[in-house]
>>> print(open('entry20.cif').read())   # mmCIF, C-alpha atoms and all ligand atoms
data_work
#
loop_
_atom_site.label_atom_id
_atom_site.label_comp_id
_atom_site.auth_asym_id
_atom_site.auth_seq_id
_atom_site.Cartn_x
_atom_site.Cartn_y
_atom_site.Cartn_z
CA MET A 1 257.95 185.73 208.04
CA ASN A 2 257.71 186.25 204.30
CA ILE A 3 260.79 185.02 202.47
CA ALA A 4 261.97 185.62 198.92
CA ILE A 5 264.45 183.13 197.42
CA ILE A 6 265.88 184.23 194.09
CA GLY A 7 267.42 181.37 192.11
CA GLY A 8 265.31 178.79 193.93
CA SER A 9 265.95 176.38 191.07
CA GLY A 10 269.69 176.13 191.88
CA GLY A 11 271.32 173.67 194.25
CA ILE A 12 271.80 176.18 197.05
CA GLY A 13 268.51 178.02 196.38
CA GLN A 14 266.47 174.80 196.65
CA ALA A 15 268.19 173.89 199.91
CA PHE A 16 267.25 177.31 201.33
CA ILE A 17 263.62 176.67 200.37
CA ASN A 18 263.57 173.15 201.85
CA ASN A 19 265.06 174.31 205.12
CA LEU A 20 263.00 177.48 205.57
CA ALA A 21 259.68 175.91 204.54
CA LYS A 22 259.95 173.64 207.60
CA ARG A 23 260.08 176.54 210.03
CA ASP A 24 256.84 177.41 211.83
CA GLU A 25 257.62 181.14 211.78
CA VAL A 26 257.85 181.12 207.97
CA HIS A 27 254.48 182.03 206.48
CA SER A 28 255.31 182.18 202.77
CA ILE A 29 258.21 181.71 200.38
CA ASP A 30 258.27 183.51 197.04
CA ALA A 31 260.74 181.51 195.00
CA THR A 32 261.99 182.27 191.51
CA PHE A 33 263.46 180.17 188.72
CA ASN A 34 264.93 181.18 185.41
CA ARG A 35 264.62 178.34 182.88
CA ASN A 36 262.63 175.36 184.22
CA LYS A 37 260.13 175.34 187.05
CA PRO A 38 261.48 173.00 189.75
CA GLU A 39 259.39 170.02 190.90
CA LEU A 40 259.66 171.11 194.54
CA GLN A 41 256.10 171.77 195.76
CA HIS A 42 255.10 173.02 199.21
CA PRO A 43 251.97 174.82 200.44
CA LYS A 44 254.12 177.77 201.57
CA VAL A 45 256.03 178.07 198.30
CA ARG A 46 254.91 180.16 195.33
CA TRP A 47 257.07 179.75 192.21
CA GLN A 48 257.46 182.49 189.64
CA ALA A 49 259.69 182.78 186.59
CA MET A 50 262.07 185.72 186.64
CA ASP A 51 265.12 186.69 184.62
CA VAL A 52 267.02 188.54 187.29
CA THR A 53 269.24 190.27 184.72
CA GLN A 54 266.23 192.13 183.24
CA ALA A 55 264.86 195.17 185.08
CA ALA A 56 261.35 194.69 183.63
CA SER A 57 261.25 191.10 184.85
CA VAL A 58 262.43 192.00 188.36
CA GLU A 59 259.98 194.91 188.54
CA ALA A 60 257.02 192.76 187.42
CA TRP A 61 257.92 190.07 189.99
CA SER A 62 258.33 192.63 192.79
CA GLN A 63 254.83 193.95 192.16
CA THR A 64 253.39 190.56 193.12
CA LEU A 65 255.02 190.66 196.58
CA ARG A 66 253.80 191.95 199.90
CA GLU A 67 256.25 192.61 202.74
CA ILE A 68 259.61 190.80 202.79
CA ASP A 69 261.39 189.72 205.99
CA TRP A 70 264.27 187.87 204.33
CA LEU A 71 265.49 188.06 200.74
CA VAL A 72 268.15 185.56 199.67
CA ASN A 73 269.67 185.85 196.20
CA ALA A 74 271.24 182.51 195.23
CA VAL A 75 271.61 183.22 191.51
CA GLY A 76 275.00 182.78 189.89
CA VAL A 77 277.07 181.58 186.97
CA LEU A 78 280.62 180.19 186.83
CA HIS A 79 280.57 178.34 183.50
CA THR A 80 278.24 178.01 180.56
CA GLN A 81 277.75 175.30 177.93
CA ASP A 82 280.70 176.59 175.93
CA LYS A 83 282.69 178.70 178.37
CA ARG A 84 284.80 177.70 181.35
CA PRO A 85 286.34 180.13 183.86
CA GLU A 86 289.69 181.37 182.56
CA LYS A 87 292.87 179.58 183.66
CA SER A 88 294.95 182.25 181.94
CA VAL A 89 294.37 185.75 180.59
CA ARG A 90 294.84 184.20 177.12
CA GLN A 91 291.30 182.79 177.51
CA PHE A 92 289.74 186.13 178.44
CA ASP A 93 286.57 186.92 176.50
CA SER A 94 284.64 190.19 176.92
CA ASP A 95 281.25 188.62 176.28
CA PHE A 96 281.78 186.01 179.02
CA PHE A 97 283.03 188.77 181.34
CA VAL A 98 279.88 190.83 180.74
CA GLN A 99 277.69 187.75 181.19
CA ASN A 100 279.31 187.12 184.59
CA MET A 101 278.74 190.74 185.59
CA LEU A 102 275.11 190.62 184.45
CA ILE A 103 274.28 187.45 186.36
CA ASN A 104 276.57 187.64 189.41
CA ALA A 105 276.75 191.37 190.21
CA ALA A 106 273.95 193.49 188.71
CA PRO A 107 270.92 191.50 190.00
CA THR A 108 271.55 192.44 193.61
CA LEU A 109 271.10 196.10 192.70
CA LEU A 110 268.02 195.42 190.55
CA LEU A 111 266.51 193.42 193.41
CA ALA A 112 267.31 196.21 195.88
CA ARG A 113 265.85 198.84 193.58
CA PHE A 114 262.55 197.06 193.07
CA THR A 115 262.04 195.48 196.51
CA GLN A 116 263.11 198.29 198.83
CA ASP A 117 259.54 199.37 199.61
CA LYS A 118 258.79 195.82 200.79
CA PHE A 119 261.24 196.26 203.69
CA LYS A 120 259.58 199.40 205.07
CA HIS A 121 257.68 197.40 207.73
CA GLY A 122 260.36 198.27 210.34
CA ARG A 123 260.86 194.71 211.63
CA PRO A 124 264.43 193.34 211.62
CA ALA A 125 265.00 192.08 208.09
CA VAL A 126 267.69 190.41 206.00
CA PHE A 127 268.84 191.08 202.41
CA VAL A 128 271.66 188.75 201.36
CA THR A 129 273.36 187.50 198.23
CA VAL A 130 275.42 184.36 197.91
CA SER A 131 278.81 185.64 196.81
CA ALA A 132 282.07 183.61 196.80
CA ARG A 133 285.34 183.78 198.66
CA VAL A 134 287.18 184.03 195.34
CA GLY A 135 285.61 187.50 195.01
CA SER A 136 287.78 188.73 197.87
CA ILE A 137 290.60 190.86 196.43
CA GLU A 138 292.70 190.52 199.56
CA ASP A 139 292.23 186.75 199.74
CA ASN A 140 293.19 186.15 196.08
CA ARG A 141 296.21 183.86 196.21
CA LEU A 142 295.75 181.55 193.22
CA GLY A 143 294.73 183.89 190.39
CA GLY A 144 292.70 182.67 187.40
CA TRP A 145 288.90 182.78 186.99
CA TYR A 146 289.09 186.45 185.93
CA SER A 147 285.45 186.98 185.00
CA TYR A 148 283.94 185.14 187.97
CA ARG A 149 286.33 186.72 190.48
CA ALA A 150 285.76 190.22 189.06
CA SER A 151 281.98 189.78 189.05
CA LYS A 152 281.94 188.61 192.68
CA ALA A 153 284.27 191.46 193.68
CA ALA A 154 281.85 193.85 191.93
CA LEU A 155 278.96 192.18 193.73
CA ASN A 156 280.73 192.68 197.06
CA MET A 157 281.19 196.38 196.32
CA CYS A 158 277.47 196.65 195.41
CA ILE A 159 276.56 195.02 198.73
CA LYS A 160 278.83 197.29 200.77
CA THR A 161 277.53 200.40 198.99
CA LEU A 162 273.90 199.37 199.35
CA ALA A 163 274.45 198.71 203.06
CA ILE A 164 275.66 202.31 203.50
CA GLU A 165 272.57 203.69 201.70
CA TRP A 166 270.08 201.48 203.53
CA GLN A 167 271.65 202.23 206.92
CA ARG A 168 270.13 205.68 206.38
CA THR A 169 266.88 204.73 204.65
CA LEU A 170 266.11 201.18 205.89
CA PRO A 171 267.98 200.77 209.19
CA ASN A 172 265.98 197.64 210.06
CA VAL A 173 267.68 195.65 207.27
CA VAL A 174 270.97 193.79 207.60
CA ILE A 175 272.72 193.33 204.26
CA ALA A 176 275.39 190.68 203.75
CA ALA A 177 277.49 188.79 201.24
CA LEU A 178 277.79 185.07 202.01
CA HIS A 179 280.39 182.50 201.05
CA PRO A 180 278.77 179.02 201.06
CA GLY A 181 281.96 176.95 200.93
CA THR A 182 282.49 174.55 198.04
CA THR A 183 279.09 172.99 197.59
CA ASP A 184 278.09 170.05 195.44
CA THR A 185 275.90 171.69 192.78
CA ALA A 186 275.85 171.97 188.97
CA LEU A 187 277.91 175.15 189.28
CA SER A 188 280.86 173.49 191.03
CA LYS A 189 280.56 170.00 189.43
CA PRO A 190 283.37 170.38 186.85
CA PHE A 191 285.77 171.73 189.50
CA GLN A 192 285.35 169.26 192.36
CA LYS A 193 288.18 166.88 191.43
CA ASN A 194 290.80 168.33 193.76
CA VAL A 195 288.44 169.20 196.60
CA PRO A 196 288.90 166.88 199.62
CA SER A 197 285.58 165.22 200.49
CA HIS A 198 285.38 166.87 203.92
CA LYS A 199 285.59 170.27 202.19
CA LEU A 200 282.81 169.53 199.69
CA PHE A 201 279.46 170.28 201.32
CA SER A 202 276.04 169.09 200.26
CA SER A 203 273.66 171.99 199.58
CA ASP A 204 271.76 171.13 202.77
CA GLN A 205 274.97 171.30 204.79
CA SER A 206 276.13 174.62 203.36
CA VAL A 207 272.68 176.19 203.73
CA GLY A 208 272.48 174.91 207.32
CA TYR A 209 275.77 176.69 208.04
CA MET A 210 274.72 179.91 206.28
CA LEU A 211 271.38 179.99 208.10
CA LYS A 212 273.23 179.76 211.40
CA VAL A 213 275.18 182.86 210.36
CA LEU A 214 272.05 184.67 209.17
CA ASN A 215 270.10 183.88 212.34
CA GLY A 216 272.78 185.64 214.37
CA LEU A 217 273.03 188.83 212.29
CA THR A 218 271.70 192.16 213.52
CA PRO A 219 271.25 195.40 211.53
CA ALA A 220 274.29 196.80 213.39
CA GLU A 221 276.40 194.27 211.43
CA THR A 222 275.20 195.32 208.00
CA GLY A 223 277.57 195.51 205.02
CA ARG A 224 279.89 192.59 205.76
CA PHE A 225 281.14 189.47 203.99
CA TRP A 226 280.61 186.21 205.91
CA ALA A 227 281.84 182.69 205.33
CA TYR A 228 279.61 179.68 206.10
CA ASN A 229 281.52 179.12 209.37
CA GLY A 230 280.84 182.61 210.71
CA GLU A 231 284.30 183.94 209.77
CA GLN A 232 284.22 187.54 208.54
CA LEU A 233 286.04 187.64 205.20
CA PRO A 234 288.11 190.57 203.91
CA TRP A 235 286.60 192.39 200.93
N1 LIG B 1 278.50 175.67 194.51
C1 LIG B 1 279.59 176.22 195.02
O1 LIG B 1 280.60 175.54 195.34
C2 LIG B 1 279.65 177.71 195.24
C3 LIG B 1 280.81 178.24 195.86
C4 LIG B 1 280.87 179.62 196.06
C5 LIG B 1 279.80 180.43 195.68
N2 LIG B 1 278.68 179.87 195.08
C6 LIG B 1 277.60 180.76 194.68
O2 LIG B 1 276.38 180.25 195.14
C7 LIG B 1 275.30 180.72 194.30
C8 LIG B 1 274.37 179.56 193.97
O3 LIG B 1 275.09 178.64 193.16
P1 LIG B 1 274.75 177.08 193.06
O4 LIG B 1 275.99 176.38 193.42
O5 LIG B 1 273.46 176.77 193.74
O6 LIG B 1 274.60 176.96 191.46
P2 LIG B 1 273.45 176.35 190.52
O7 LIG B 1 272.91 175.11 191.11
O8 LIG B 1 274.06 176.30 189.16
O9 LIG B 1 272.32 177.48 190.57
C9 LIG B 1 272.44 178.70 189.87
C10 LIG B 1 271.13 179.45 189.95
O10 LIG B 1 271.25 180.69 189.23
C11 LIG B 1 270.09 180.84 188.44
N3 LIG B 1 270.30 181.75 187.30
C12 LIG B 1 271.32 181.77 186.42
N4 LIG B 1 271.13 182.77 185.53
C13 LIG B 1 269.97 183.38 185.86
C14 LIG B 1 269.21 184.48 185.36
N5 LIG B 1 269.61 185.17 184.28
N6 LIG B 1 268.04 184.83 185.97
C15 LIG B 1 267.62 184.15 187.05
N7 LIG B 1 268.27 183.11 187.59
C16 LIG B 1 269.43 182.74 186.99
C17 LIG B 1 269.76 179.43 187.98
O11 LIG B 1 268.44 179.38 187.49
P3 LIG B 1 267.98 178.31 186.36
O12 LIG B 1 268.63 176.99 186.71
O13 LIG B 1 266.50 178.30 186.47
O14 LIG B 1 268.51 178.88 185.09
C18 LIG B 1 269.96 178.69 189.30
O15 LIG B 1 268.81 178.85 190.10
C19 LIG B 1 275.99 181.37 193.08
O16 LIG B 1 275.99 182.76 193.24
C20 LIG B 1 277.41 180.85 193.16
O17 LIG B 1 278.33 181.75 192.57
C21 LIG B 1 278.59 178.53 194.86
#
>>> encode(input="entry20.cif", output="C-alpha cells", more="lines below")
Ligand SMILES: NC(=O)c1ccc[n+]([C@@H]2O[C@H](COP(=O)([O-])OP(=O)(O)OC[C@H]3O[C@@H](n4cnc5c(N)ncnc54)[C@H](OP(=O)(O)O)[C@@H]3O)[C@@H](O)[C@H]2O)c1
Amino acid sequence: MNIAIIGGSGGIGQAFINNLAKRDEVHSIDATFNRNKPELQHPKVRWQAMDVTQAASVEAWSQTLREIDWLVNAVGVLHTQDKRPEKSVRQFDSDFFVQNMLINAAPTLLLARFTQDKFKHGRPAVFVTVSARVGSIEDNRLGGWYSYRASKAALNMCIKTLAIEWQRTLPNVVIAALHPGTTDTALSKPFQKNVPSHKLFSSDQSVGYMLKVLNGLTPAETGRFWAYNGEQLPW
C-alpha cells in the first residue's frame, strides 16, 4: 500500500505515520508538513513541504506521487497565535473565519482535484479527512466556536459532495469524515481544562481507534461521518 498523510507534522498526523509505518503491507508513506520538517525518520517515509491551502503547492506535490491506496488529511486549525475560537458572536472576525475555511475546508477539495488520477488503479482505496464532531449541525448543542464549526460543517459538505461524484468516477474509493475524539495535541491544548482524563486521548489512542474504523470501511459506505468509536455521526 502507498499512503499519503497530509499534515504529518501534527499530533494526529504523526501518530498515523507511526502506526502505519509498522504495517508490513505498507510500502511507502508520503507525508507532508507545512512549517518545520518533523524529526520522525523511517525508511518508508518521504517528507515533503506543502502548503495545502495553495493549489500550486498541492499540484506540485501530487506530481511526485505514484498510486495512492489511502490518503489521510490531518491538517487543521482551531486557534492561532493571536486568535482564539469565538465564545460569542461579538468576537467574530472575517479574516479568522476565512483562515479557518482555507485550512479546514478547502484543502480536501484541492487534494481531491490533484490526486484523483492516483486512485484510478481500481483497488479498494480510502480518502479521508479528519473533521470534528463540532462541525455537525444537528449535534450542535453548546454554540460558540463559529469559525471552526462553520469550516468543519463546510468540510463535511465537501466530503459528502465529493463522495457522490467519485461514486460515479472512482467507485473503488471510500470517502469519509472522521471525528478523532478530544486528543492531546497542540490544537486542543488550551481547551483541555474541563475534559475528564478518560475523555482525553493520546494521539496514538485516537489514531488506533480511527484506524479500526477505516479498516472496516468499504466503498459501499462512502460519504459518511464517523466518530473514533465507529458511531456514525449526523451531518
Ligand atoms: N486534537 C483534537 O482534540 C481534535 C478534535 C477534533 C478534531 N481534530 C482535528 O484533527 C486534525 C488534526 O489536528 P491535531 O490535533 O493533530 O492538530 P495539530 O497538532 O495542531 O496539527 C495541525 C496540522 O495542520 C497542519 N497545517 C496547518 N495549516 C496548514 C497549511 N496551511 N498547510 C499544510 N498544513 C497545515 C500543521 O502543519 P505545521 O505544524 O507543519 O504547520 C499540522 O500538521 C485537525 O483537522 C483538527 O481540526 C482535532
>>> residues_near_ligand(input="entry20.cif", ligand="ligand LIG 1 (chain B)", cutoff="6 Å", atoms="all atoms listed in the file", output="PyMOL selection string")
chain A and resi 7-13+33-36+50-53+74-77+103+130-132+179-188
>>> atom_distance(input="entry20.cif", atom1="CA of Leu110 in chain A", atom2="CA of Ser62 in chain A")
10.3 Å
>>> residues_around(input="entry20.cif", residues="Gly230 in chain A", least_positions_apart="4", cutoff="9 Å", atoms="all atoms listed in the file", output="PyMOL selection string")
chain A and resi 209-210+212-213+226
>>> write_last_selection(input="entry20.cif", atoms="C-alpha atoms", output="compact mmCIF listing (two decimals), in the coordinates of the input")
# COMPACT_ATOMS: atom_id res chain seq x y z
CA TYR A 209 275.77 176.69 208.04
CA MET A 210 274.72 179.91 206.28
CA LYS A 212 273.23 179.76 211.40
CA VAL A 213 275.18 182.86 210.36
CA TRP A 226 280.61 186.21 205.91
>>> residues_around(input="entry20.cif", residues="Pro234 in chain A", least_positions_apart="5", cutoff="8 Å", atoms="only C-alpha atoms", output="PyMOL selection string")
chain A and resi 136-139+225
>>> atom_distance(input="entry20.cif", atom1="CA of Val45 in chain A", atom2="CA of Ala21 in chain A")
7.5 Å
>>> closest_residue(input="entry20.cif", among="A:Ser151, A:Asn156, A:Asn172, A:Gln54", to="Phe119 in chain A", atoms="only C-alpha atoms")
A:Asn172
>>> closest_residue(input="entry20.cif", among="A:Pro38, A:Arg84, A:Asn215, A:Gln99", to="Phe191 in chain A", atoms="all atoms listed in the file")
A:Arg84
>>> closest_residue(input="entry20.cif", among="A:Arg46, A:Lys199, A:Lys193, A:Arg133", to="Leu178 in chain A", atoms="all atoms listed in the file")
A:Arg133
>>> residues_around(input="entry20.cif", residues="Ala177 in chain A", least_positions_apart="3", cutoff="12 Å", atoms="all atoms listed in the file", output="PDB file with C-alpha atoms, in the coordinates of the input")
ATOM      1  CA  VAL A  72     268.150 185.560 199.670  1.00  0.00           C
ATOM      2  CA  ASN A  73     269.670 185.850 196.200  1.00  0.00           C
ATOM      3  CA  ALA A  74     271.240 182.510 195.230  1.00  0.00           C
ATOM      4  CA  ASN A 104     276.570 187.640 189.410  1.00  0.00           C
ATOM      5  CA  ALA A 105     276.750 191.370 190.210  1.00  0.00           C
ATOM      6  CA  THR A 108     271.550 192.440 193.610  1.00  0.00           C
ATOM      7  CA  VAL A 126     267.690 190.410 206.000  1.00  0.00           C
ATOM      8  CA  PHE A 127     268.840 191.080 202.410  1.00  0.00           C
ATOM      9  CA  VAL A 128     271.660 188.750 201.360  1.00  0.00           C
ATOM     10  CA  THR A 129     273.360 187.500 198.230  1.00  0.00           C
ATOM     11  CA  VAL A 130     275.420 184.360 197.910  1.00  0.00           C
ATOM     12  CA  SER A 131     278.810 185.640 196.810  1.00  0.00           C
ATOM     13  CA  ALA A 132     282.070 183.610 196.800  1.00  0.00           C
ATOM     14  CA  ARG A 133     285.340 183.780 198.660  1.00  0.00           C
ATOM     15  CA  GLY A 135     285.610 187.500 195.010  1.00  0.00           C
ATOM     16  CA  SER A 136     287.780 188.730 197.870  1.00  0.00           C
ATOM     17  CA  LYS A 152     281.940 188.610 192.680  1.00  0.00           C
ATOM     18  CA  ALA A 153     284.270 191.460 193.680  1.00  0.00           C
ATOM     19  CA  ALA A 154     281.850 193.850 191.930  1.00  0.00           C
ATOM     20  CA  LEU A 155     278.960 192.180 193.730  1.00  0.00           C
ATOM     21  CA  ASN A 156     280.730 192.680 197.060  1.00  0.00           C
ATOM     22  CA  MET A 157     281.190 196.380 196.320  1.00  0.00           C
ATOM     23  CA  CYS A 158     277.470 196.650 195.410  1.00  0.00           C
ATOM     24  CA  ILE A 159     276.560 195.020 198.730  1.00  0.00           C
ATOM     25  CA  LYS A 160     278.830 197.290 200.770  1.00  0.00           C
ATOM     26  CA  THR A 161     277.530 200.400 198.990  1.00  0.00           C
ATOM     27  CA  LEU A 162     273.900 199.370 199.350  1.00  0.00           C
ATOM     28  CA  ALA A 163     274.450 198.710 203.060  1.00  0.00           C
ATOM     29  CA  VAL A 174     270.970 193.790 207.600  1.00  0.00           C
ATOM     30  CA  PRO A 180     278.770 179.020 201.060  1.00  0.00           C
ATOM     31  CA  MET A 210     274.720 179.910 206.280  1.00  0.00           C
ATOM     32  CA  VAL A 213     275.180 182.860 210.360  1.00  0.00           C
ATOM     33  CA  LEU A 214     272.050 184.670 209.170  1.00  0.00           C
ATOM     34  CA  LEU A 217     273.030 188.830 212.290  1.00  0.00           C
ATOM     35  CA  GLU A 221     276.400 194.270 211.430  1.00  0.00           C
ATOM     36  CA  THR A 222     275.200 195.320 208.000  1.00  0.00           C
ATOM     37  CA  GLY A 223     277.570 195.510 205.020  1.00  0.00           C
ATOM     38  CA  ARG A 224     279.890 192.590 205.760  1.00  0.00           C
ATOM     39  CA  PHE A 225     281.140 189.470 203.990  1.00  0.00           C
ATOM     40  CA  TRP A 226     280.610 186.210 205.910  1.00  0.00           C
ATOM     41  CA  ALA A 227     281.840 182.690 205.330  1.00  0.00           C
ATOM     42  CA  TYR A 228     279.610 179.680 206.100  1.00  0.00           C
ATOM     43  CA  GLY A 230     280.840 182.610 210.710  1.00  0.00           C
ATOM     44  CA  GLU A 231     284.300 183.940 209.770  1.00  0.00           C
ATOM     45  CA  GLN A 232     284.220 187.540 208.540  1.00  0.00           C
ATOM     46  CA  LEU A 233     286.040 187.640 205.200  1.00  0.00           C
ATOM     47  CA  PRO A 234     288.110 190.570 203.910  1.00  0.00           C
ATOM     48  CA  TRP A 235     286.600 192.390 200.930  1.00  0.00           C
TER      49      TRP A 235
END
>>> closest_residue(input="entry20.cif", among="A:Gly208, A:Pro219, A:Gly122, A:Pro190", to="Ile164 in chain A", atoms="all atoms listed in the file")
A:Pro219
>>> closest_residue(input="entry20.cif", among="A:Ser57, A:Gln81, A:Gln14, A:Ser88", to="Pro107 in chain A", atoms="all atoms listed in the file")
A:Ser57
>>> atom_distance(input="entry20.cif", atom1="CA of Trp145 in chain A", atom2="CA of Thr80 in chain A")
13.3 Å
>>> closest_residue(input="entry20.cif", among="A:Ala150, A:Val26, A:Ala220, A:Leu142", to="Leu170 in chain A", atoms="only C-alpha atoms")
A:Ala220
>>> residues_around(input="entry20.cif", residues="Lys37 in chain A", least_positions_apart="5", cutoff="9 Å", atoms="only C-alpha atoms", output="list in words")
Ser9, Thr32, Trp47, Gln48 and Ala49 of chain A
>>> write_last_selection(input="entry20.cif", atoms="C-alpha atoms", output="short mmCIF file (atom, residue, chain, number, x, y, z; two decimals), in the coordinates of the input")
data_model
loop_
_atom_site.label_atom_id
_atom_site.label_comp_id
_atom_site.auth_asym_id
_atom_site.auth_seq_id
_atom_site.Cartn_x
_atom_site.Cartn_y
_atom_site.Cartn_z
CA SER A 9 265.95 176.38 191.07
CA THR A 32 261.99 182.27 191.51
CA TRP A 47 257.07 179.75 192.21
CA GLN A 48 257.46 182.49 189.64
CA ALA A 49 259.69 182.78 186.59
#
>>> axis_aligned_box(input="entry20.cif", around="range 55-58 of chain A", padding_each_side="8 Å", output="JSON")
{"center_x": 263.1, "center_y": 193.1, "center_z": 186.0, "size_x": 19.6, "size_y": 20.1, "size_z": 20.7}
